[in-house]
Amino acid sequence: MGRLTDRAFDILRAEVDKCAAGDAIAGSVYRGIVIKRLEKLRSQEGTFASKEEIRDTFKDEFPNFSEQALKAAVKANRAPGLFNKIIFAGGLLGAGAGIIWLINLPFPMIRWPVAKTMPVLLLPSFMSMDYNYREAIALVEQSDQLINKATAAADFDLGETKAKQAQKHLDALPVWFLGYYPKRYCSFFRCTWRFTFDEFQAARKNIGRMDAQIFQQKNAFTELNRAEESLKAAKQEYQKGKTATERQTASGNWQSAIDQLNQIPPDTLAGKTAKQKLQAAERDFQAMGGIATGSARADNLIEAAKEFALSAAVASQKPPHPAAQWEQIAGLWEEGINRLKMVPVDNPGYLDAQTKLAEYQKNLGISQIRLQSEKESVKALQEAKTLFANLQNNLNSPSQNSGNSLGQLQQIINQLESVKAGTTVYPESQKWLQSARKKQQQWQNN
């Protein structure tokens, strides 16, 4: 190796050219002198030239030579280190790997000639082919086991994952290599496979079939979940229903949910599960039918009670009413109460019936009070009128005195004051009472 490396020579020559360009007359002459000195150092064998030796080659001709360029040349004027050797070796290895990569590209025009002449260069392809084949076959078997012998919805999820992985390995197999059997590679690594076009097609069809199965099974489970949710909601609606209309709507939703269970494909796992649930749902629905019959009877009783209550409420408007009308109103409330008492305890409408029963009994009590007040007030007014007629007859009797007359008049006033407000005779009683009190005052003043 020369005393001046090629890299150092190039750095110095570039700076010499730069310095020579500044002197048009002597520049080219000085450049030739310095270049010859540098070439002499490069051709000499021995230790690398020092900084001062390099400086001596140009200091007289180019005193303005860049100190920075000199330092760079001195730095470059040394043997390559370990790092540079590693880089060089890495470059060689990279180039080799690049060639191997190029040869193993999935292009028949490249691989076939190599496979016939130097198959060892296709070792990465053989290893990849062997690995992807083994993985594809194993994953196809696993996914087939999970899908065709599934016991739960989770098996289809795992089977779908395995099928996708198998498809990925199938896609990685070199289709152009179908039917080719690397004898030398397999003699060392004991290949147990012969990858044929028919086998490749069968694997792909199997994956496609399982994808369709997974899609069908998942759709079936989706329908099963919807039917179960509808069935559960319908049962809750029926139990919470307070009116006949609400329970009838819930019954229709219940039947719709049963129809949804019937529509799930029977050859799916969800269909087999639905068949078991369908039996329980239909049994419950039939039992609900008996309850519904009782509920319908109870609903009819409640509706009838409401009609009696409505008639009573209409008849009670704009009081006061005569005793006969209050008797009729009380009778209507009693009829409604009798209907409500016929609703059994185990009927869904029992709570609603009891609520209305309390309301109707309260209204019946009010009607009976008004009836009693009407009867007593009519009686009191009638007795007051009789006493007043007797008083009129006694006034003409010789034995009648003022004390007796005032006592009889007070008795009349007491009867009139017992007439209740809000009765049909109350206005009339007030007129009689006013007249009686006026007469009482006159007699007392006399």
# chains A, B, ... in the order shown; residues from 1 in each chain; ligands from 1
>>> residues_around(residues="segment 226-229 of chain A", least_positions_apart="5", cutoff="7 Å", atoms="only C-alpha atoms", output="PDB file with C-alpha atoms, in the first residue's frame")
ATOM      1  CA  ALA A 257     -90.921 -14.590  18.777  1.00  0.00           C
ATOM      2  CA  GLN A 260     -88.722 -16.397  14.646  1.00  0.00           C
ATOM      3  CA  LEU A 261     -87.383 -19.478  16.447  1.00  0.00           C
TER       4      LEU A 261
END
>>> closest_residue(among="A:Ala79, A:Leu12, A:Ile264, A:Asn132", to="Arg55 of chain A", atoms="only C-alpha atoms")
A:Leu12
>>> closest_residue(among="A:Thr268, A:Ala73, A:Leu433, A:Pro348", to="Glu237 of chain A", atoms="only C-alpha atoms")
A:Pro348
>>> residues_around(residues="segment 208-224 of chain A", least_positions_apart="2", cutoff="10 Å", atoms="only C-alpha atoms", output="PyMOL selection string")
chain A and resi 140+143-144+147-148+152-153+155-157+159-160+163-164+167+202-206+226-230+257+260-271+273-274+277
>>> decode(residues="segment 302-356 of chain A", atoms="C-alpha atoms", output="PDB file, in the first residue's frame")
ATOM      1  CA  ILE A 302    -113.750  -5.067  34.995  1.00  0.00           C
ATOM      2  CA  GLU A 303    -115.144  -3.503  31.838  1.00  0.00           C
ATOM      3  CA  ALA A 304    -118.698  -4.247  32.992  1.00  0.00           C
ATOM      4  CA  ALA A 305    -117.919  -2.681  36.379  1.00  0.00           C
ATOM      5  CA  LYS A 306    -116.658   0.397  34.577  1.00  0.00           C
ATOM      6  CA  GLU A 307    -119.939   0.683  32.661  1.00  0.00           C
ATOM      7  CA  PHE A 308    -121.961   0.582  35.885  1.00  0.00           C
ATOM      8  CA  ALA A 309    -119.612   3.138  37.420  1.00  0.00           C
ATOM      9  CA  LEU A 310    -119.970   5.405  34.407  1.00  0.00           C
ATOM     10  CA  SER A 311    -123.779   5.243  34.597  1.00  0.00           C
ATOM     11  CA  ALA A 312    -123.655   6.005  38.324  1.00  0.00           C
ATOM     12  CA  ALA A 313    -121.317   8.934  37.766  1.00  0.00           C
ATOM     13  CA  VAL A 314    -123.565  10.388  35.041  1.00  0.00           C
ATOM     14  CA  ALA A 315    -126.663   9.993  37.220  1.00  0.00           C
ATOM     15  CA  SER A 316    -124.874  11.724  40.129  1.00  0.00           C
ATOM     16  CA  GLN A 317    -124.233  14.910  38.158  1.00  0.00           C
ATOM     17  CA  LYS A 318    -125.934  18.188  39.058  1.00  0.00           C
ATOM     18  CA  PRO A 319    -127.378  17.311  42.501  1.00  0.00           C
ATOM     19  CA  PRO A 320    -129.573  17.487  44.460  1.00  0.00           C
ATOM     20  CA  HIS A 321    -131.529  14.406  43.473  1.00  0.00           C
ATOM     21  CA  PRO A 322    -134.619  12.758  44.964  1.00  0.00           C
ATOM     22  CA  ALA A 323    -134.241   9.675  47.125  1.00  0.00           C
ATOM     23  CA  ALA A 324    -135.348   7.357  44.318  1.00  0.00           C
ATOM     24  CA  GLN A 325    -132.511   8.578  42.104  1.00  0.00           C
ATOM     25  CA  TRP A 326    -129.960   8.214  44.910  1.00  0.00           C
ATOM     26  CA  GLU A 327    -131.209   4.664  45.411  1.00  0.00           C
ATOM     27  CA  GLN A 328    -130.671   3.999  41.717  1.00  0.00           C
ATOM     28  CA  ILE A 329    -127.161   5.519  41.846  1.00  0.00           C
ATOM     29  CA  ALA A 330    -126.230   3.426  44.895  1.00  0.00           C
ATOM     30  CA  GLY A 331    -127.554   0.341  43.107  1.00  0.00           C
ATOM     31  CA  LEU A 332    -125.292   1.026  40.108  1.00  0.00           C
ATOM     32  CA  TRP A 333    -122.233   1.359  42.369  1.00  0.00           C
ATOM     33  CA  GLU A 334    -123.175  -1.894  44.075  1.00  0.00           C
ATOM     34  CA  GLU A 335    -123.441  -3.695  40.721  1.00  0.00           C
ATOM     35  CA  GLY A 336    -119.971  -2.439  39.747  1.00  0.00           C
ATOM     36  CA  ILE A 337    -118.584  -3.547  43.116  1.00  0.00           C
ATOM     37  CA  ASN A 338    -120.125  -7.004  42.722  1.00  0.00           C
ATOM     38  CA  ARG A 339    -118.419  -7.419  39.329  1.00  0.00           C
ATOM     39  CA  LEU A 340    -115.029  -6.415  40.731  1.00  0.00           C
ATOM     40  CA  LYS A 341    -115.341  -8.835  43.639  1.00  0.00           C
ATOM     41  CA  MET A 342    -115.638 -11.680  41.121  1.00  0.00           C
ATOM     42  CA  VAL A 343    -112.072 -11.111  39.782  1.00  0.00           C
ATOM     43  CA  PRO A 344    -109.885 -13.933  41.265  1.00  0.00           C
ATOM     44  CA  VAL A 345    -106.726 -13.221  43.234  1.00  0.00           C
ATOM     45  CA  ASP A 346    -104.431 -15.100  40.814  1.00  0.00           C
ATOM     46  CA  ASN A 347    -105.643 -13.095  37.817  1.00  0.00           C
ATOM     47  CA  PRO A 348    -103.271 -10.482  36.298  1.00  0.00           C
ATOM     48  CA  GLY A 349    -106.084  -7.901  36.496  1.00  0.00           C
ATOM     49  CA  TYR A 350    -106.670  -8.447  40.221  1.00  0.00           C
ATOM     50  CA  LEU A 351    -104.647  -5.424  41.328  1.00  0.00           C
ATOM     51  CA  ASP A 352    -106.476  -3.141  38.893  1.00  0.00           C
ATOM     52  CA  ALA A 353    -109.806  -4.561  40.118  1.00  0.00           C
ATOM     53  CA  GLN A 354    -108.907  -3.919  43.769  1.00  0.00           C
ATOM     54  CA  THR A 355    -107.911  -0.342  43.004  1.00  0.00           C
ATOM     55  CA  LYS A 356    -111.255   0.339  41.341  1.00  0.00           C
TER      56      LYS A 356
END
